[in-house]
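Asks: Data: final-v7.csv, CSV, C-alpha atoms.
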chain,number,residue,atom,x,y,z
A,4,MET,CA,105.3,136.6,-35.3
A,5,VAL,CA,106.6,133.9,-32.9
A,6,LEU,CA,110.1,134.6,-34.0
A,7,ASP,CA,109.7,138.3,-33.4
A,8,ARG,CA,108.4,137.6,-29.9
A,9,GLU,CA,111.3,135.4,-29.1
A,10,ARG,CA,113.8,137.9,-30.6
A,11,ASN,CA,112.2,140.7,-28.6
A,12,LEU,CA,112.4,138.7,-25.4
A,13,LEU,CA,116.1,137.8,-26.0
A,14,GLN,CA,116.9,141.5,-26.7
A,15,ARG,CA,115.1,142.6,-23.6
A,16,LEU,CA,117.0,139.9,-21.5
A,17,GLU,CA,120.2,141.1,-23.0
A,18,PHE,CA,119.4,144.6,-21.9
A,19,VAL,CA,118.3,143.5,-18.4
A,20,ARG,CA,121.7,141.7,-18.0
A,21,PHE,CA,123.6,144.7,-19.3
A,22,TYR,CA,121.6,146.9,-16.8
A,23,ALA,CA,122.2,144.5,-13.9
A,24,ARG,CA,126.0,144.6,-14.6
A,25,TRP,CA,125.8,148.4,-14.5
A,26,VAL,CA,123.8,148.4,-11.3
A,27,LYS,CA,126.4,146.2,-9.7
A,28,SER,CA,129.3,148.4,-10.8
A,29,VAL,CA,128.1,151.7,-9.5
A,30,PRO,CA,127.5,153.0,-5.9
A,31,ASN,CA,123.9,152.7,-4.5
A,32,GLU,CA,123.5,156.4,-4.8
A,33,VAL,CA,123.9,156.4,-8.5
A,34,TRP,CA,121.6,153.6,-9.7
A,35,SER,CA,119.0,154.3,-7.1
A,36,GLU,CA,118.7,158.0,-8.1
A,37,GLN,CA,117.9,157.0,-11.6
A,38,GLN,CA,115.5,154.3,-10.5
A,39,ALA,CA,113.7,156.7,-8.3
A,40,VAL,CA,112.9,159.0,-11.2
A,41,ILE,CA,111.1,156.2,-13.0
A,42,ILE,CA,109.3,154.7,-10.0
A,43,ASN,CA,108.3,158.1,-8.5
A,44,SER,CA,106.8,159.1,-11.9
A,45,MET,CA,104.8,155.8,-12.0
A,46,VAL,CA,103.4,156.4,-8.6
A,47,LYS,CA,102.6,160.0,-9.4
A,48,ASN,CA,100.9,158.9,-12.6
A,49,ALA,CA,98.9,156.2,-10.8
A,50,ARG,CA,97.0,159.0,-9.1
A,51,ASN,CA,95.3,159.6,-12.5
A,52,PHE,CA,94.2,155.9,-12.7
A,53,MET,CA,90.8,155.9,-14.4
A,54,MET,CA,89.3,152.5,-13.3
A,55,SER,CA,86.9,152.1,-10.4
A,56,VAL,CA,87.9,149.8,-7.6
A,57,GLU,CA,85.3,147.3,-8.9
A,58,GLU,CA,86.7,147.4,-12.4
A,59,TYR,CA,90.2,147.0,-11.1
A,60,LEU,CA,89.4,144.0,-9.0
A,61,GLU,CA,87.5,142.4,-11.8
A,62,LEU,CA,90.6,142.8,-14.1
A,63,LYS,CA,92.8,141.3,-11.4
A,64,ASN,CA,90.5,138.4,-10.8
A,65,ARG,CA,90.3,137.7,-14.5
A,66,LYS,CA,94.1,137.7,-14.7
A,67,GLU,CA,94.3,135.4,-11.7
A,68,ARG,CA,91.8,132.9,-13.3
A,69,LEU,CA,93.8,132.9,-16.5
A,70,LYS,CA,97.1,132.3,-14.6
A,71,GLN,CA,95.4,129.4,-12.8
A,72,SER,CA,94.0,127.8,-16.0
A,73,ARG,CA,97.4,128.0,-17.6
A,74,SER,CA,99.1,126.2,-14.7
A,75,LEU,CA,96.6,123.3,-14.8
B,22,MET,CA,125.8,148.2,-5.8
B,23,GLU,CA,127.2,147.9,-2.3
B,24,LEU,CA,125.6,145.3,-0.1
B,25,GLU,CA,126.8,144.0,3.3
B,26,PHE,CA,125.9,140.4,4.2
B,27,LYS,CA,125.6,139.4,7.9
B,28,GLY,CA,124.1,135.9,8.3
B,29,ASN,CA,120.4,136.3,7.3
B,30,GLU,CA,120.7,140.0,7.0
B,31,ILE,CA,121.5,142.2,4.0
B,32,ILE,CA,122.4,145.8,4.5
B,33,MET,CA,122.0,148.4,1.8
B,34,ARG,CA,123.2,152.0,2.4
B,35,GLY,CA,122.8,155.2,0.4
B,36,LYS,CA,119.7,154.2,-1.6
B,37,THR,CA,117.5,156.9,-2.8
B,38,ILE,CA,114.2,156.0,-1.2
B,39,THR,CA,111.3,155.9,-3.7
B,40,GLU,CA,107.7,156.5,-3.2
B,41,LEU,CA,107.2,152.8,-3.6
B,42,ASP,CA,109.8,152.0,-0.9
B,43,LYS,CA,108.0,154.4,1.4
B,44,PHE,CA,104.7,152.8,0.7
B,45,VAL,CA,106.1,149.3,1.6
B,46,PHE,CA,108.0,150.5,4.7
B,47,ASN,CA,105.0,152.4,6.0
B,48,PHE,CA,102.6,149.4,5.5
B,49,ILE,CA,104.9,146.8,7.1
B,50,GLU,CA,105.2,148.9,10.2
B,51,LEU,CA,101.6,148.0,10.9
B,52,LEU,CA,102.3,144.3,11.0
B,53,ASP,CA,103.0,142.7,14.4
B,54,ILE,CA,103.3,139.3,12.9
B,55,ASP,CA,105.9,137.5,10.8
B,56,TYR,CA,105.6,138.3,7.1
B,57,VAL,CA,107.6,138.3,3.9
B,58,VAL,CA,107.4,140.7,1.0
B,59,SER,CA,107.9,139.2,-2.5
B,60,GLY,CA,107.6,140.4,-6.0
B,61,TYR,CA,108.9,143.9,-5.1
B,62,VAL,CA,112.3,142.4,-4.3
B,63,ALA,CA,113.7,142.7,-7.8
B,64,ILE,CA,112.8,146.4,-7.6
B,65,LEU,CA,114.3,146.8,-4.2
B,66,PHE,CA,117.6,145.4,-5.6
B,67,GLY,CA,117.7,147.7,-8.6
B,68,ARG,CA,115.3,146.6,-11.3
B,69,SER,CA,114.0,149.8,-12.9
B,70,ARG,CA,110.3,149.1,-13.3
B,71,GLY,CA,107.1,150.0,-11.5
B,72,THR,CA,104.6,147.6,-10.0
B,73,GLU,CA,100.9,147.8,-9.2
B,74,ASP,CA,101.0,145.5,-6.2
B,75,ILE,CA,103.3,144.3,-3.5
B,76,ASP,CA,102.8,140.7,-2.3
B,77,VAL,CA,102.8,140.3,1.4
B,78,LEU,CA,102.6,136.9,2.8
B,79,ILE,CA,101.6,136.1,6.5
B,80,GLU,CA,100.9,133.0,8.5
B,81,PRO,CA,97.2,132.4,9.1
B,82,ILE,CA,96.0,134.5,12.1
B,83,THR,CA,92.8,134.4,14.2
B,84,TYR,CA,89.9,136.6,13.3
B,85,ASN,CA,90.4,138.8,16.3
B,86,LYS,CA,94.1,139.4,15.4
B,87,PHE,CA,93.0,140.2,11.8
B,88,LYS,CA,90.4,142.6,13.1
B,89,GLU,CA,93.0,144.4,15.1
B,90,LEU,CA,95.2,144.7,12.0
B,91,TYR,CA,92.2,145.9,10.0
B,92,GLU,CA,91.4,148.7,12.5
B,93,ARG,CA,95.1,149.7,12.8
B,94,THR,CA,95.4,149.9,9.0
B,95,VAL,CA,92.2,151.9,8.5
B,96,LYS,CA,93.2,154.3,11.3
B,97,ARG,CA,96.4,155.0,9.4
B,98,GLY,CA,94.7,156.1,6.3
B,99,TYR,CA,94.5,152.8,4.3
B,100,TYR,CA,91.4,151.0,3.0
B,101,PHE,CA,90.7,147.5,1.8
B,102,LEU,CA,89.7,147.4,-1.9
B,103,ASN,CA,87.7,144.2,-1.6
B,104,SER,CA,85.3,145.0,1.2
B,105,ASP,CA,85.0,147.3,4.2
B,106,ARG,CA,83.8,144.5,6.4
B,107,PRO,CA,86.6,142.7,8.3
B,108,ASN,CA,84.6,139.4,8.5
B,109,ASN,CA,84.3,139.3,4.6
B,110,LEU,CA,88.0,140.0,4.2
B,111,TYR,CA,88.9,137.3,6.7
B,112,GLU,CA,86.8,134.8,4.9
B,113,MET,CA,88.6,135.6,1.7
B,114,LEU,CA,92.0,135.1,3.4
B,115,GLU,CA,90.8,131.8,4.8
B,116,GLU,CA,89.8,130.7,1.3
B,117,ARG,CA,93.4,131.6,0.4
B,118,SER,CA,92.4,134.5,-1.7
B,119,ALA,CA,94.3,137.8,-1.5
B,120,VAL,CA,92.9,141.0,-0.1
B,121,ARG,CA,94.2,144.4,-1.4
B,122,ILE,CA,95.1,147.4,0.6
B,123,ALA,CA,95.8,150.9,-0.6
B,124,LYS,CA,96.0,154.4,0.7
B,125,GLU,CA,92.7,156.2,0.8
B,126,ASP,CA,91.6,157.7,-2.6
B,127,THR,CA,94.1,155.6,-4.5
B,128,ILE,CA,94.2,152.1,-6.1
B,129,ILE,CA,97.8,151.8,-7.2
B,130,PRO,CA,100.1,150.9,-5.6
B,131,ASN,CA,98.4,148.4,-3.3
B,132,ILE,CA,99.4,145.6,-1.0
B,133,GLU,CA,98.2,142.1,-1.9
B,134,LEU,CA,98.0,140.4,1.5
B,135,LYS,CA,97.7,136.6,1.6
B,136,PHE,CA,97.8,133.8,4.1
B,137,THR,CA,100.4,131.1,3.5
B,138,LYS,CA,98.9,128.2,1.5
B,139,ASN,CA,101.6,125.6,0.9
B,140,GLU,CA,105.0,124.4,2.1
B,141,PHE,CA,106.9,126.9,-0.1
B,142,ASP,CA,105.1,129.8,1.5
B,143,LYS,CA,105.8,128.4,5.0
B,144,PHE,CA,109.5,127.8,4.1
B,145,SER,CA,109.7,131.5,2.8
B,146,ILE,CA,108.5,132.8,6.2
B,147,GLN,CA,110.7,130.4,8.2
B,148,ASN,CA,113.8,131.3,6.2
B,149,ARG,CA,113.1,134.9,5.5
B,150,LEU,CA,115.9,137.4,5.0
B,151,LYS,CA,116.1,140.7,6.7
B,152,VAL,CA,117.0,143.6,4.4
B,153,VAL,CA,118.0,146.9,6.1
B,154,VAL,CA,117.8,149.8,3.7
B,155,ASN,CA,119.0,153.1,5.1
B,156,GLY,CA,118.0,151.9,8.5
B,157,GLU,CA,114.5,150.8,7.5
B,158,GLN,CA,113.9,147.0,7.7
B,159,VAL,CA,111.9,144.7,5.5
B,160,TYR,CA,111.7,140.9,5.5
B,161,ILE,CA,111.9,139.2,2.1
B,162,SER,CA,111.5,135.5,1.1
B,163,PRO,CA,114.8,133.7,0.3
B,164,ILE,CA,116.2,134.8,-3.1
B,165,GLU,CA,116.4,131.1,-4.3
B,166,ILE,CA,112.7,130.7,-3.7
B,167,GLN,CA,112.0,134.0,-5.6
B,168,ILE,CA,114.0,132.9,-8.6
B,169,ALA,CA,112.3,129.4,-8.7
B,170,TYR,CA,108.9,131.1,-8.4
B,171,LYS,CA,109.7,133.6,-11.2
B,172,LEU,CA,110.7,130.7,-13.4
B,173,TYR,CA,107.6,128.8,-12.6
B,174,LEU,CA,105.4,131.8,-13.4
B,175,GLY,CA,107.3,132.2,-16.6
B,176,SER,CA,106.0,135.5,-18.0
B,177,ASP,CA,108.4,137.8,-19.8
B,178,LYS,CA,108.4,140.1,-16.9
B,179,ASP,CA,109.1,137.3,-14.4
B,180,VAL,CA,112.0,135.9,-16.5
B,181,GLU,CA,113.5,139.4,-16.7
B,182,ASP,CA,113.1,139.9,-12.9
B,183,LYS,CA,115.0,136.6,-12.4
B,184,CYS,CA,118.0,138.0,-14.4
Any chance you could give the structure as structure tokens?

Replies:
Amino acid sequence: MVLDRERNLLQRLEFVRFYARWVKSVPNEVWSEQQAVIINSMVKNARNFMMSVEEYLELKNRKERLKQSRSL
Amino acid sequence: MELEFKGNEIIMRGKTITELDKFVFNFIELLDIDYVVSGYVAILFGRSRGTEDIDVLIEPITYNKFKELYERTVKRGYYFLNSDRPNNLYEMLEERSAVRIAKEDTIIPNIELKFTKNEFDKFSIQNRLKVVVNGEQVYISPIEIQIAYKLYLGSDKDVEDKC
């Protein structure tokens, strides 16, 4: 299980580095057009977000508390 | 990627502006104080991922100044998720908690507004970088600070952003 997680992370990092090399090698118009498709879809999809404001804030607070307890 | 560097300024031309970019640019227009945007920076420079929240760091301001910002923000169609009372929001900021701001009838994306709380935050504002994207300007914290912070946080996403 741990090995899978590490292997997955290494594979993702390899892809991120590959992608970063590609971004650096093409004009801004090219990478940003593709990026816009993903980001705009995410923003559009967020309009269907099902949580209430209270539930969302509770989730975020829980995440923050977890982060703080890990950093102690 | 084509970037032009001029002292503390980075100029990017020809970027397709995303809905997230517009959200950030429109919000920071409301700020009449020094600020830095962080977190979103990896995305601004090409990382292809979404984000729920955009961190915006400001120096502590007086209650009156905050109330003005609150009124300006609400007038422009935003709301504060944590409370609709500026005094409660200000108390949260003073306790160094973040307050979240989104466009009316939405939750995501949102701005996570915070007061500076340590030397790193102050350094970020004092040494901020100006990024000009197709004529729109946004101030970001120094890249070195961002990388160090991402490594400190250490989640998979943060390590990927650092790359």

Asks: Mind listing as a list in words all residues within 9 Å of (93.9, 134.9, 3.6), counting all atoms listed in the file?

Replies: Leu78, Ile79, Glu80, Pro81, Ile82, Leu110, Tyr111, Glu112, Met113, Leu114, Glu115, Glu116, Arg117, Ser118, Ala119, Val120, Leu134, Lys135, Phe136, Thr137 and Lys138 of chain B

Asks: List every residue of chain A that has an atom at most 9 Å from any atom of chain B, giving for each one its closest atom pair and the distance in Å to one decimal, counting all atoms listed in the file, sorted by chain and then by ascending residue number, as a Markdown table.

Replies:
| residue | atom | partner | partner_atom | distance |
| --- | --- | --- | --- | --- |
| A:Leu12 | CA | B:Asp177 | CA | 6.9 |
| A:Arg15 | CA | B:Glu181 | CA | 7.8 |
| A:Leu16 | CA | B:Glu181 | CA | 6.0 |
| A:Val19 | CA | B:Glu181 | CA | 6.5 |
| A:Arg20 | CA | B:Cys184 | CA | 6.4 |
| A:Tyr22 | CA | B:Arg68 | CA | 8.4 |
| A:Ala23 | CA | B:Gly67 | CA | 7.7 |
| A:Trp25 | CA | B:Met22 | CA | 8.7 |
| A:Val26 | CA | B:Met22 | CA | 5.9 |
| A:Lys27 | CA | B:Met22 | CA | 4.4 |
| A:Ser28 | CA | B:Met22 | CA | 6.1 |
| A:Val29 | CA | B:Met22 | CA | 5.6 |
| A:Pro30 | CA | B:Met22 | CA | 5.1 |
| A:Asn31 | CA | B:Met22 | CA | 5.1 |
| A:Glu32 | CA | B:Gly35 | CA | 5.4 |
| A:Val33 | CA | B:Lys36 | CA | 8.4 |
| A:Trp34 | CA | B:Gly67 | CA | 7.2 |
| A:Ser35 | CA | B:Thr37 | CA | 5.2 |
| A:Glu36 | CA | B:Thr37 | CA | 5.5 |
| A:Gln37 | CA | B:Ser69 | CA | 8.3 |
| A:Gln38 | CA | B:Ser69 | CA | 5.3 |
| A:Ala39 | CA | B:Thr39 | CA | 5.2 |
| A:Val40 | CA | B:Thr39 | CA | 8.3 |
| A:Ile41 | CA | B:Ser69 | CA | 7.0 |
| A:Ile42 | CA | B:Gly71 | CA | 5.4 |
| A:Asn43 | CA | B:Glu40 | CA | 5.6 |
| A:Met45 | CA | B:Gly71 | CA | 6.3 |
| A:Val46 | CA | B:Glu40 | CA | 6.9 |
| A:Lys47 | CA | B:Glu40 | CA | 8.8 |
| A:Ala49 | CA | B:Ile129 | CA | 5.8 |
| A:Arg50 | CA | B:Thr127 | CA | 6.4 |
| A:Phe52 | CA | B:Ile128 | CA | 7.6 |
| A:Met54 | CA | B:Ile128 | CA | 8.7 |
| A:Ser55 | CA | B:Ile128 | CA | 8.5 |
| A:Val56 | CA | B:Leu102 | CA | 6.4 |
| A:Glu57 | CA | B:Leu102 | CA | 8.3 |
| A:Tyr59 | CA | B:Ile128 | CA | 8.2 |
| A:Leu60 | CA | B:Asn103 | CA | 7.6 |
| A:Lys70 | CA | B:Leu174 | CA | 8.4 |
| A:Ser74 | CA | B:Leu174 | CA | 8.5 |

Asks: Give me the box for range 66-85 of chain B as AutoDock Vina command-line options, namely the centre and edge lengths in Å to one decimal of a box along x, y and z that holds every listed atom plus 4 Å on each side.

Replies:
--center_x 103.8 --center_y 141.2 --center_z 1.5 --size_x 35.8 --size_y 25.6 --size_z 37.6

Asks: At a cut-off of 8 Å around the point (106.8, 132.6, 0.4) (file coordinates), what residues fall inside when counting all atoms listed in the file? I'd like the answer as a ChimeraX atom specification.

Replies: /B:57,59,78,137,141-146,162,166

Asks: Using Å and a single decimal, report how far CA of Asn29 in chain B sits from CA of Ala123 in chain B.

Replies: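 These atoms are spaced 29.7 Å apart.
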
Asks: Just the number, please: distance in Å from CA of Asn47 in chain B to CA of Tyr84 in chain B, one decimal.

Replies: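 Computed distance, CA of Asn47 in chain B to CA of Tyr84 in chain B, equals 23.0 Å.
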
Asks: Using CA of Ile122 in chain B and CA of Ile168 in chain B as the two end points, give the distance in Å to one decimal.

Replies: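 About the pair CA of Ile122 in chain B and CA of Ile168 in chain B: they are 25.5 Å apart.
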